[in-house]
Amino acid sequence: MHCHFHNPVSIHSGPGMRRQIGALAAKYGKKALIVTTGSAHSRALAEEAGASLEAAGLGWAHYNGIRPNPLGSMAAEGAQAARDNGCDMVIGIGGGSVMDASKGIAFAYDNDAPIFEYIYGRKQGGQALPILLIATTAGTGSEGWTAVFTDTDHVKKGFALPALYPKESIVDPELMTTLSSRGIAGPGFDALAHAIESFLSVRANPFSKLYSRQAILWLSEGLPKVQASPSDLETWERVALGSTFAGIAIGNAGCTAPHGIEHPISGLLNVAHGEGLAAIYPEYMRFMRPHAQADFAELARLLGAETSGLTEEEASLRAVEQVDALLKTLGIAFTLSDLGVRESQLDWLSRTALDSMPAVFANNPAAMTSDDIKTIL
């Protein structure tokens, strides 16, 4: 068996770790561009990080123009803000959109063309400013080398380069205790999807599966608990690390078809990514189960199902049931209609999925056609 496993990121986990950002950043430059959304909470976190930077003798500027499903233009705008303010590193504080945008800003700083020129492979680039990330959700992890952007024609597409690996990643569960119920559920299910898909991926190997398995255990058990009791810091530590472990797993094994199917939905309708995944996941699992029955039987056990005495096929069915039940518990058992998808859009969504995300479909345990995707939708 030939295996490869790689993650060069320095990860710092634990309550209060965000306050170490100044000491960590001092290794990489003199002035940071702090990237956040425009919310009052994000501004407060930027001020806290800025105080830590100042205590370490560093300067900082704040760019707060990030919105969900970030456009490629946000990378250019943020990069210009870094140039205008003389910044030599980027610190992203937020969820998946902020962390992806921070990577894009750091990349755009050193590469002049619009970022989609590089995403589509029409231009080549390889340098970026040093990136430091502080995750505020247990969803998209802060430890990977991918970033996803939405183009002006509603196509949502990711790219991955070694330069996009953050230098330092901070996982501070204290930041997650103020999340809303929906802010826990959607990003949390995205993290669980990372864990499940990296487990099922044809690129999975014994190294990546160690991370996938542990992430599935921690996330499936912990998400309902922290949603019911958001101040449960002990459980949040496991959930936050579960998200990190899932991110490390997809960094090596990749995602599979659900991420390819969902991205056009959130690109077209600005749907929250985790909620779009929640809508398609049960049908994807029903479609895929016969093609990966042994893995689904193990998934059932990891997701908390009792499978002793069951045949492999019976156990594999429990995996689908467990995901159905978890989505209901988390309050995100959405249909596509709930999210605004219309039947007239299904042809475009299924075609765009295959065209824009071929890599994740190549990772899938079974080949999928546009008609298969449309059937799931």
# chains A, B, ... in the order shown; residues from 1 in each chain; ligands from 1

$ residues_around --residues "A:Glu48" --least-positions-apart "4" --cutoff "8 Å" --atoms "only C-alpha atoms" --output "MDAnalysis selection string"
chainID A and resid 19 44 52

$ write_last_selection --atoms "all heavy atoms" --output "PDB file, in the first residue's frame"
ATOM      1  N   ARG A  19      -5.376  34.631  22.326  1.00  0.00           N
ATOM      2  CA  ARG A  19      -4.640  35.752  22.915  1.00  0.00           C
ATOM      3  C   ARG A  19      -3.133  35.636  22.667  1.00  0.00           C
ATOM      4  O   ARG A  19      -2.389  36.566  22.987  1.00  0.00           O
ATOM      5  CB  ARG A  19      -4.932  35.833  24.415  1.00  0.00           C
ATOM      6  CG  ARG A  19      -6.416  36.073  24.709  1.00  0.00           C
ATOM      7  CD  ARG A  19      -6.694  36.278  26.181  1.00  0.00           C
ATOM      8  NE  ARG A  19      -8.129  36.387  26.424  1.00  0.00           N
ATOM      9  CZ  ARG A  19      -8.909  35.368  26.764  1.00  0.00           C
ATOM     10  NH1 ARG A  19      -8.382  34.151  26.928  1.00  0.00           N
ATOM     11  NH2 ARG A  19     -10.205  35.545  26.953  1.00  0.00           N
ATOM     12  N   ALA A  44     -14.971  43.444  17.512  1.00  0.00           N
ATOM     13  CA  ALA A  44     -14.435  43.267  18.864  1.00  0.00           C
ATOM     14  C   ALA A  44     -13.286  42.261  18.871  1.00  0.00           C
ATOM     15  O   ALA A  44     -12.267  42.466  19.554  1.00  0.00           O
ATOM     16  CB  ALA A  44     -15.542  42.817  19.813  1.00  0.00           C
ATOM     17  N   SER A  52      -3.190  42.340  21.150  1.00  0.00           N
ATOM     18  CA  SER A  52      -2.148  41.328  21.307  1.00  0.00           C
ATOM     19  C   SER A  52      -0.967  41.617  20.376  1.00  0.00           C
ATOM     20  O   SER A  52       0.203  41.468  20.761  1.00  0.00           O
ATOM     21  CB  SER A  52      -2.720  39.932  21.028  1.00  0.00           C
ATOM     22  OG  SER A  52      -1.737  38.936  21.133  1.00  0.00           O
TER      23      SER A  52
END

$ closest_atom_pairs --of "stretch 328-361 of chain A" --to "stretch 199-219 of chain A" --cutoff "12 Å" --atoms "only C-alpha atoms" --output "JSON lines"
{"residue": "A:Leu330", "atom": "CA", "partner": "A:Leu219", "partner_atom": "CA", "distance": 11.9}
{"residue": "A:Ala359", "atom": "CA", "partner": "A:Ser201", "partner_atom": "CA", "distance": 11.0}
{"residue": "A:Val360", "atom": "CA", "partner": "A:Ser201", "partner_atom": "CA", "distance": 8.7}
{"residue": "A:Phe361", "atom": "CA", "partner": "A:Ser201", "partner_atom": "CA", "distance": 9.5}

$ closest_residue --among "A:Ala191, A:Gly340, A:Val35, A:Ile196" --to "A:Gly65" --atoms "only C-alpha atoms"
A:Val35

$ closest_residue --among "A:Gln124, A:Gln20, A:Thr150, A:Thr137" --to "A:Thr177" --atoms "only C-alpha atoms"
A:Thr137

$ select_by_dssp --residues "stretch 113-222 of chain A" --states "alpha helix (DSSP H)" --output "PyMOL selection string"
chain A and resi 115-119+181-200+206-222

$ write_last_selection --atoms "N, CA and C atoms" --output "compact mmCIF listing (two decimals), in the first residue's frame"
# COMPACT_ATOMS: atom_id res chain seq x y z
N ILE A 115 -8.24 36.65 -9.24
CA ILE A 115 -7.95 35.34 -8.65
C ILE A 115 -8.52 34.20 -9.48
N PHE A 116 -9.63 34.42 -10.20
CA PHE A 116 -10.19 33.34 -11.00
C PHE A 116 -9.33 33.00 -12.21
N GLU A 117 -8.43 33.89 -12.60
CA GLU A 117 -7.46 33.52 -13.64
C GLU A 117 -6.57 32.39 -13.15
N TYR A 118 -6.27 32.38 -11.86
CA TYR A 118 -5.44 31.32 -11.28
C TYR A 118 -6.29 30.09 -10.95
N ILE A 119 -7.50 30.33 -10.47
CA ILE A 119 -8.38 29.20 -10.12
C ILE A 119 -8.68 28.36 -11.36
N SER A 181 -27.77 28.76 17.57
CA SER A 181 -28.10 27.36 17.29
C SER A 181 -27.83 27.02 15.83
N ARG A 182 -28.24 27.91 14.92
CA ARG A 182 -28.03 27.67 13.49
C ARG A 182 -26.55 27.83 13.12
N GLY A 183 -25.84 28.71 13.83
CA GLY A 183 -24.42 28.89 13.59
C GLY A 183 -23.59 27.71 14.05
N ILE A 184 -24.15 26.91 14.94
CA ILE A 184 -23.52 25.65 15.34
C ILE A 184 -23.85 24.55 14.34
N ALA A 185 -25.12 24.48 13.94
CA ALA A 185 -25.60 23.33 13.17
C ALA A 185 -25.03 23.29 11.75
N GLY A 186 -25.14 24.40 11.01
CA GLY A 186 -24.70 24.38 9.61
C GLY A 186 -23.21 24.16 9.46
N PRO A 187 -22.37 25.01 10.06
CA PRO A 187 -20.92 24.77 9.99
C PRO A 187 -20.52 23.43 10.58
N GLY A 188 -21.18 23.02 11.67
CA GLY A 188 -20.85 21.74 12.28
C GLY A 188 -21.13 20.57 11.35
N PHE A 189 -22.25 20.65 10.62
CA PHE A 189 -22.52 19.57 9.69
C PHE A 189 -21.55 19.60 8.51
N ASP A 190 -21.12 20.77 8.10
CA ASP A 190 -20.07 20.86 7.06
C ASP A 190 -18.82 20.12 7.53
N ALA A 191 -18.42 20.33 8.78
CA ALA A 191 -17.25 19.63 9.31
C ALA A 191 -17.46 18.12 9.31
N LEU A 192 -18.66 17.69 9.72
CA LEU A 192 -18.95 16.26 9.71
C LEU A 192 -18.93 15.72 8.29
N ALA A 193 -19.43 16.50 7.33
CA ALA A 193 -19.37 16.09 5.93
C ALA A 193 -17.92 15.92 5.48
N HIS A 194 -17.03 16.83 5.91
CA HIS A 194 -15.61 16.68 5.59
C HIS A 194 -15.10 15.33 6.11
N ALA A 195 -15.50 15.00 7.33
CA ALA A 195 -15.02 13.75 7.94
C ALA A 195 -15.57 12.53 7.20
N ILE A 196 -16.86 12.55 6.88
CA ILE A 196 -17.48 11.42 6.19
C ILE A 196 -16.90 11.26 4.78
N GLU A 197 -16.79 12.37 4.07
CA GLU A 197 -16.33 12.28 2.68
C GLU A 197 -14.85 11.88 2.59
N SER A 198 -14.03 12.38 3.49
CA SER A 198 -12.63 11.95 3.48
C SER A 198 -12.51 10.48 3.84
N PHE A 199 -13.43 9.98 4.66
CA PHE A 199 -13.45 8.56 5.00
C PHE A 199 -13.83 7.71 3.79
N LEU A 200 -14.79 8.19 2.98
CA LEU A 200 -15.27 7.43 1.82
C LEU A 200 -14.38 7.60 0.59
N PRO A 206 -4.65 4.87 5.48
CA PRO A 206 -4.69 4.66 6.94
C PRO A 206 -4.40 5.90 7.77
N PHE A 207 -3.54 6.80 7.27
CA PHE A 207 -3.24 8.03 8.00
C PHE A 207 -4.47 8.94 8.03
N SER A 208 -5.02 9.22 6.85
CA SER A 208 -6.16 10.14 6.79
C SER A 208 -7.37 9.58 7.52
N LYS A 209 -7.55 8.25 7.46
CA LYS A 209 -8.73 7.65 8.10
C LYS A 209 -8.67 7.75 9.62
N LEU A 210 -7.47 7.79 10.19
CA LEU A 210 -7.37 8.02 11.64
C LEU A 210 -8.04 9.34 12.01
N TYR A 211 -7.76 10.39 11.24
CA TYR A 211 -8.35 11.69 11.49
C TYR A 211 -9.85 11.68 11.18
N SER A 212 -10.23 11.04 10.08
CA SER A 212 -11.66 10.99 9.72
C SER A 212 -12.48 10.30 10.80
N ARG A 213 -12.01 9.16 11.26
CA ARG A 213 -12.77 8.40 12.26
C ARG A 213 -12.95 9.20 13.54
N GLN A 214 -11.87 9.78 14.04
CA GLN A 214 -11.97 10.53 15.29
C GLN A 214 -12.87 11.74 15.12
N ALA A 215 -12.79 12.40 13.97
CA ALA A 215 -13.65 13.56 13.72
C ALA A 215 -15.12 13.16 13.69
N ILE A 216 -15.43 12.05 13.05
CA ILE A 216 -16.83 11.59 13.01
C ILE A 216 -17.35 11.32 14.41
N LEU A 217 -16.54 10.66 15.23
CA LEU A 217 -16.95 10.37 16.61
C LEU A 217 -17.21 11.65 17.39
N TRP A 218 -16.25 12.56 17.39
CA TRP A 218 -16.37 13.78 18.19
C TRP A 218 -17.51 14.68 17.70
N LEU A 219 -17.65 14.82 16.39
CA LEU A 219 -18.65 15.74 15.85
C LEU A 219 -20.06 15.19 15.99
N SER A 220 -20.27 13.93 15.66
CA SER A 220 -21.63 13.38 15.71
C SER A 220 -22.14 13.32 17.15
N GLU A 221 -21.25 13.04 18.09
CA GLU A 221 -21.65 13.00 19.49
C GLU A 221 -21.76 14.41 20.08
N GLY A 222 -20.84 15.29 19.71
CA GLY A 222 -20.74 16.58 20.39
C GLY A 222 -21.65 17.67 19.87

$ residues_around --residues "A:Gly72" --least-positions-apart "2" --cutoff "9 Å" --atoms "only C-alpha atoms" --output "VMD selection string"
chain A and resid 70 74 to 76 101 104 114 to 116 148 to 152

$ atom_distance --atom1 "atom CA of A:Val98" --atom2 "atom CA of A:Leu129"
15.8 Å

$ closest_residue --among "A:Tyr109, A:Phe287, A:Tyr63, A:Tyr281" --to "A:Thr335" --atoms "only C-alpha atoms"
A:Tyr281
